[in-house]
Amino acid sequence: MARFDPFRDMERLFAETLRTPASGVMPMDVYRDGERFVVEIDLPGVEPDSIDVDVDDQTLTVRASRATDVGEGTAWLTRERPTGAFARQLTLGRGLALDKIQAGYTDGVLRLVLPVAEEAKPRKINIQRGRDHALTIEQDGDSAAGSNEAVAS
């Protein structure tokens, strides 16, 4: 005989409604660590061979699948662990070295390291001092040196 608990069923309905599919199946943390961003995605019970990470333009996509070991004739009493194929996408900002992304999978956690591109890193601009330096301006691949009179006027 099955028990009917309307409050339990209502609680489950609200929980499923408020939870997005990707965040419930693939919860993640993103943080910056110096000159790199780190993304950690929980994928417990996922075989490493089923994980696929792609970058297309500024979109990073993670796909994974989790299979069940239970046979066809099983009568489920509670089933809270999702199975099947899952995907999550991240829109990446400019200034990342997309060709140097690293990925590792240990203890059910996928870890992606996205380094900041060299051209996006902050850098100091050296200021020349004194009246004896020549200022060089690049124009169409040619360089022209300005005289002290042109700089002073």
# chains A, B, ... in the order shown; residues from 1 in each chain; ligands from 1

$ residues_around --residues "segment 76-92 of chain A" --least-positions-apart "6" --cutoff "8 Å" --atoms "only C-alpha atoms" --output "compact mmCIF listing (two decimals) with C-alpha atoms, in the first residue's frame"
# COMPACT_ATOMS: atom_id res chain seq x y z
CA ALA A 22 22.02 22.19 -15.25
CA VAL A 25 22.98 18.09 -12.09
CA MET A 26 26.24 19.97 -12.65
CA GLN A 58 33.43 32.55 -26.62
CA THR A 59 31.23 29.63 -25.47
CA LEU A 60 32.61 26.79 -23.37
CA THR A 61 30.39 23.68 -23.31
CA VAL A 62 30.73 20.77 -20.90
CA ARG A 63 28.85 17.55 -21.71
CA ALA A 64 28.75 14.43 -19.58
CA SER A 65 26.55 11.40 -19.06
CA ARG A 66 25.79 9.20 -16.10
CA ALA A 67 24.48 5.69 -16.57
CA THR A 68 22.59 3.55 -14.11

$ residues_around --residues "Phe37 of chain A" --least-positions-apart "6" --cutoff "10 Å" --atoms "only C-alpha atoms" --output "tab-separated table (two decimals) with N, CA and C atoms, in the first residue's frame"
chain	number	residue	atom	x	y	z
A	30	VAL	N	33.19	28.98	-9.71
A	30	VAL	CA	34.12	29.69	-10.59
A	30	VAL	C	34.83	30.74	-9.74
A	31	TYR	N	36.15	30.78	-9.84
A	31	TYR	CA	36.90	31.80	-9.10
A	31	TYR	C	38.16	32.18	-9.86
A	96	LEU	N	40.86	35.86	-22.54
A	96	LEU	CA	41.31	34.56	-22.03
A	96	LEU	C	42.11	33.86	-23.12
A	101	ILE	N	43.56	26.33	-22.38
A	101	ILE	CA	42.69	25.81	-21.33
A	101	ILE	C	43.14	24.40	-20.96
A	112	LEU	N	38.59	22.97	-14.65
A	112	LEU	CA	39.07	23.65	-15.84
A	112	LEU	C	39.86	24.87	-15.41
A	113	VAL	N	41.02	25.07	-16.02
A	113	VAL	CA	41.86	26.24	-15.74
A	113	VAL	C	41.94	27.05	-17.02
A	114	LEU	N	41.48	28.32	-16.92
A	114	LEU	CA	41.44	29.22	-18.07
A	114	LEU	C	42.40	30.38	-17.81
A	115	PRO	N	43.57	30.36	-18.44
A	115	PRO	CA	44.54	31.43	-18.17
A	115	PRO	C	44.14	32.73	-18.87
A	116	VAL	N	44.51	33.84	-18.24
A	116	VAL	CA	44.31	35.15	-18.84
A	116	VAL	C	45.33	35.30	-19.97

$ atom_distance --atom1 "atom CA of Ile41 of chain A" --atom2 "atom CA of Val55 of chain A"
16.2 Å

$ select_by_dssp --residues "segment 61-125 of chain A" --states "strand (DSSP E)" --output "number ranges by chain"
A: 61-66, 84-91, 102-106, 109-115

$ write_last_selection --atoms "N, CA and C atoms" --output "mmCIF file, in the first residue's frame"
data_model
loop_
_atom_site.group_PDB
_atom_site.id
_atom_site.type_symbol
_atom_site.label_atom_id
_atom_site.label_comp_id
_atom_site.auth_asym_id
_atom_site.auth_seq_id
_atom_site.Cartn_x
_atom_site.Cartn_y
_atom_site.Cartn_z
ATOM 1 N N THR A 61 31.449 24.654 -23.559
ATOM 2 C CA THR A 61 30.386 23.682 -23.312
ATOM 3 C C THR A 61 30.969 22.437 -22.670
ATOM 4 N N VAL A 62 30.343 22.009 -21.577
ATOM 5 C CA VAL A 62 30.727 20.770 -20.904
ATOM 6 C C VAL A 62 29.561 19.802 -21.045
ATOM 7 N N ARG A 63 29.853 18.604 -21.580
ATOM 8 C CA ARG A 63 28.847 17.547 -21.706
ATOM 9 C C ARG A 63 29.338 16.320 -20.948
ATOM 10 N N ALA A 64 28.401 15.653 -20.313
ATOM 11 C CA ALA A 64 28.747 14.428 -19.585
ATOM 12 C C ALA A 64 27.507 13.560 -19.517
ATOM 13 N N SER A 65 27.711 12.283 -19.226
ATOM 14 C CA SER A 65 26.554 11.399 -19.062
ATOM 15 C C SER A 65 26.819 10.452 -17.888
ATOM 16 N N ARG A 66 25.728 10.123 -17.233
ATOM 17 C CA ARG A 66 25.791 9.202 -16.097
ATOM 18 C C ARG A 66 24.813 8.072 -16.382
ATOM 19 N N GLY A 84 21.562 9.962 -17.431
ATOM 20 C CA GLY A 84 21.392 10.429 -18.803
ATOM 21 C C GLY A 84 22.497 11.391 -19.188
ATOM 22 N N ALA A 85 22.230 12.164 -20.234
ATOM 23 C CA ALA A 85 23.210 13.122 -20.745
ATOM 24 C C ALA A 85 22.891 14.514 -20.218
ATOM 25 N N PHE A 86 23.956 15.259 -19.857
ATOM 26 C CA PHE A 86 23.812 16.603 -19.308
ATOM 27 C C PHE A 86 24.779 17.534 -20.026
ATOM 28 N N ALA A 87 24.426 18.799 -20.078
ATOM 29 C CA ALA A 87 25.314 19.793 -20.684
ATOM 30 C C ALA A 87 25.188 21.106 -19.927
ATOM 31 N N ARG A 88 26.286 21.839 -19.913
ATOM 32 C CA ARG A 88 26.291 23.163 -19.294
ATOM 33 C C ARG A 88 27.179 24.060 -20.133
ATOM 34 N N GLN A 89 26.718 25.298 -20.372
ATOM 35 C CA GLN A 89 27.489 26.229 -21.181
ATOM 36 C C GLN A 89 27.853 27.462 -20.372
ATOM 37 N N LEU A 90 29.050 27.962 -20.644
ATOM 38 C CA LEU A 90 29.533 29.199 -20.036
ATOM 39 C C LEU A 90 29.924 30.152 -21.151
ATOM 40 N N THR A 91 29.478 31.389 -21.065
ATOM 41 C CA THR A 91 29.915 32.405 -22.008
ATOM 42 C C THR A 91 31.162 33.051 -21.423
ATOM 43 N N GLN A 102 43.177 24.116 -19.666
ATOM 44 C CA GLN A 102 43.544 22.784 -19.182
ATOM 45 C C GLN A 102 42.354 22.188 -18.444
ATOM 46 N N ALA A 103 42.208 20.864 -18.526
ATOM 47 C CA ALA A 103 41.102 20.179 -17.852
ATOM 48 C C ALA A 103 41.627 18.936 -17.157
ATOM 49 N N GLY A 104 41.079 18.673 -15.966
ATOM 50 C CA GLY A 104 41.421 17.470 -15.209
ATOM 51 C C GLY A 104 40.190 16.980 -14.470
ATOM 52 N N TYR A 105 40.127 15.676 -14.223
ATOM 53 C CA TYR A 105 38.975 15.077 -13.549
ATOM 54 C C TYR A 105 39.487 14.167 -12.446
ATOM 55 N N THR A 106 39.208 14.550 -11.190
ATOM 56 C CA THR A 106 39.662 13.773 -10.033
ATOM 57 C C THR A 106 38.549 13.722 -9.008
ATOM 58 N N VAL A 109 35.216 15.503 -9.642
ATOM 59 C CA VAL A 109 35.219 16.948 -9.889
ATOM 60 C C VAL A 109 36.006 17.243 -11.160
ATOM 61 N N LEU A 110 35.339 17.898 -12.117
ATOM 62 C CA LEU A 110 36.004 18.368 -13.332
ATOM 63 C C LEU A 110 36.554 19.755 -13.037
ATOM 64 N N ARG A 111 37.853 19.929 -13.273
ATOM 65 C CA ARG A 111 38.507 21.218 -12.988
ATOM 66 C C ARG A 111 39.072 21.771 -14.286
ATOM 67 N N LEU A 112 38.592 22.967 -14.653
ATOM 68 C CA LEU A 112 39.070 23.649 -15.844
ATOM 69 C C LEU A 112 39.863 24.873 -15.411
ATOM 70 N N VAL A 113 41.024 25.070 -16.021
ATOM 71 C CA VAL A 113 41.858 26.236 -15.740
ATOM 72 C C VAL A 113 41.935 27.052 -17.022
ATOM 73 N N LEU A 114 41.478 28.316 -16.923
ATOM 74 C CA LEU A 114 41.438 29.216 -18.070
ATOM 75 C C LEU A 114 42.396 30.380 -17.806
ATOM 76 N N PRO A 115 43.573 30.357 -18.437
ATOM 77 C CA PRO A 115 44.538 31.427 -18.174
ATOM 78 C C PRO A 115 44.139 32.733 -18.869
#

$ decode --residues "segment 47-68 of chain A" --atoms "N, CA and C atoms" --output "PDB file, in the first residue's frame"
ATOM      1  N   GLU A  47      31.699   8.638 -15.675  1.00  0.00           N
ATOM      2  CA  GLU A  47      32.919   8.047 -16.219  1.00  0.00           C
ATOM      3  C   GLU A  47      33.713   9.121 -16.959  1.00  0.00           C
ATOM      4  N   PRO A  48      35.015   9.205 -16.748  1.00  0.00           N
ATOM      5  CA  PRO A  48      35.821  10.244 -17.409  1.00  0.00           C
ATOM      6  C   PRO A  48      35.694  10.234 -18.931  1.00  0.00           C
ATOM      7  N   ASP A  49      35.517   9.058 -19.526  1.00  0.00           N
ATOM      8  CA  ASP A  49      35.405   8.973 -20.983  1.00  0.00           C
ATOM      9  C   ASP A  49      34.123   9.604 -21.516  1.00  0.00           C
ATOM     10  N   SER A  50      33.129   9.822 -20.644  1.00  0.00           N
ATOM     11  CA  SER A  50      31.873  10.406 -21.115  1.00  0.00           C
ATOM     12  C   SER A  50      31.886  11.933 -21.042  1.00  0.00           C
ATOM     13  N   ILE A  51      32.956  12.523 -20.519  1.00  0.00           N
ATOM     14  CA  ILE A  51      33.036  13.976 -20.392  1.00  0.00           C
ATOM     15  C   ILE A  51      33.630  14.567 -21.661  1.00  0.00           C
ATOM     16  N   ASP A  52      32.988  15.626 -22.154  1.00  0.00           N
ATOM     17  CA  ASP A  52      33.441  16.315 -23.359  1.00  0.00           C
ATOM     18  C   ASP A  52      33.430  17.813 -23.079  1.00  0.00           C
ATOM     19  N   VAL A  53      34.552  18.474 -23.350  1.00  0.00           N
ATOM     20  CA  VAL A  53      34.662  19.921 -23.151  1.00  0.00           C
ATOM     21  C   VAL A  53      35.038  20.536 -24.493  1.00  0.00           C
ATOM     22  N   ASP A  54      34.227  21.505 -24.948  1.00  0.00           N
ATOM     23  CA  ASP A  54      34.458  22.189 -26.224  1.00  0.00           C
ATOM     24  C   ASP A  54      34.443  23.696 -26.016  1.00  0.00           C
ATOM     25  N   VAL A  55      35.210  24.401 -26.852  1.00  0.00           N
ATOM     26  CA  VAL A  55      35.152  25.858 -26.901  1.00  0.00           C
ATOM     27  C   VAL A  55      34.863  26.243 -28.337  1.00  0.00           C
ATOM     28  N   ASP A  56      33.800  27.035 -28.521  1.00  0.00           N
ATOM     29  CA  ASP A  56      33.425  27.537 -29.839  1.00  0.00           C
ATOM     30  C   ASP A  56      33.207  29.031 -29.689  1.00  0.00           C
ATOM     31  N   ASP A  57      34.083  29.809 -30.302  1.00  0.00           N
ATOM     32  CA  ASP A  57      34.080  31.258 -30.161  1.00  0.00           C
ATOM     33  C   ASP A  57      34.260  31.595 -28.687  1.00  0.00           C
ATOM     34  N   GLN A  58      33.301  32.196 -28.028  1.00  0.00           N
ATOM     35  CA  GLN A  58      33.426  32.552 -26.618  1.00  0.00           C
ATOM     36  C   GLN A  58      32.520  31.690 -25.737  1.00  0.00           C
ATOM     37  N   THR A  59      32.107  30.522 -26.232  1.00  0.00           N
ATOM     38  CA  THR A  59      31.228  29.632 -25.471  1.00  0.00           C
ATOM     39  C   THR A  59      31.951  28.337 -25.137  1.00  0.00           C
ATOM     40  N   LEU A  60      32.024  28.036 -23.841  1.00  0.00           N
ATOM     41  CA  LEU A  60      32.605  26.789 -23.370  1.00  0.00           C
ATOM     42  C   LEU A  60      31.449  25.855 -23.011  1.00  0.00           C
ATOM     43  N   THR A  61      31.449  24.654 -23.559  1.00  0.00           N
ATOM     44  CA  THR A  61      30.386  23.682 -23.312  1.00  0.00           C
ATOM     45  C   THR A  61      30.969  22.437 -22.670  1.00  0.00           C
ATOM     46  N   VAL A  62      30.343  22.009 -21.577  1.00  0.00           N
ATOM     47  CA  VAL A  62      30.727  20.770 -20.904  1.00  0.00           C
ATOM     48  C   VAL A  62      29.561  19.802 -21.045  1.00  0.00           C
ATOM     49  N   ARG A  63      29.853  18.604 -21.580  1.00  0.00           N
ATOM     50  CA  ARG A  63      28.847  17.547 -21.706  1.00  0.00           C
ATOM     51  C   ARG A  63      29.338  16.320 -20.948  1.00  0.00           C
ATOM     52  N   ALA A  64      28.401  15.653 -20.313  1.00  0.00           N
ATOM     53  CA  ALA A  64      28.747  14.428 -19.585  1.00  0.00           C
ATOM     54  C   ALA A  64      27.507  13.560 -19.517  1.00  0.00           C
ATOM     55  N   SER A  65      27.711  12.283 -19.226  1.00  0.00           N
ATOM     56  CA  SER A  65      26.554  11.399 -19.062  1.00  0.00           C
ATOM     57  C   SER A  65      26.819  10.452 -17.888  1.00  0.00           C
ATOM     58  N   ARG A  66      25.728  10.123 -17.233  1.00  0.00           N
ATOM     59  CA  ARG A  66      25.791   9.202 -16.097  1.00  0.00           C
ATOM     60  C   ARG A  66      24.813   8.072 -16.382  1.00  0.00           C
ATOM     61  N   ALA A  67      25.311   6.862 -16.329  1.00  0.00           N
ATOM     62  CA  ALA A  67      24.476   5.685 -16.574  1.00  0.00           C
ATOM     63  C   ALA A  67      24.052   5.072 -15.239  1.00  0.00           C
ATOM     64  N   THR A  68      23.030   4.274 -15.296  1.00  0.00           N
ATOM     65  CA  THR A  68      22.588   3.554 -14.105  1.00  0.00           C
ATOM     66  C   THR A  68      22.948   2.082 -14.265  1.00  0.00           C
TER      67      THR A  68
END
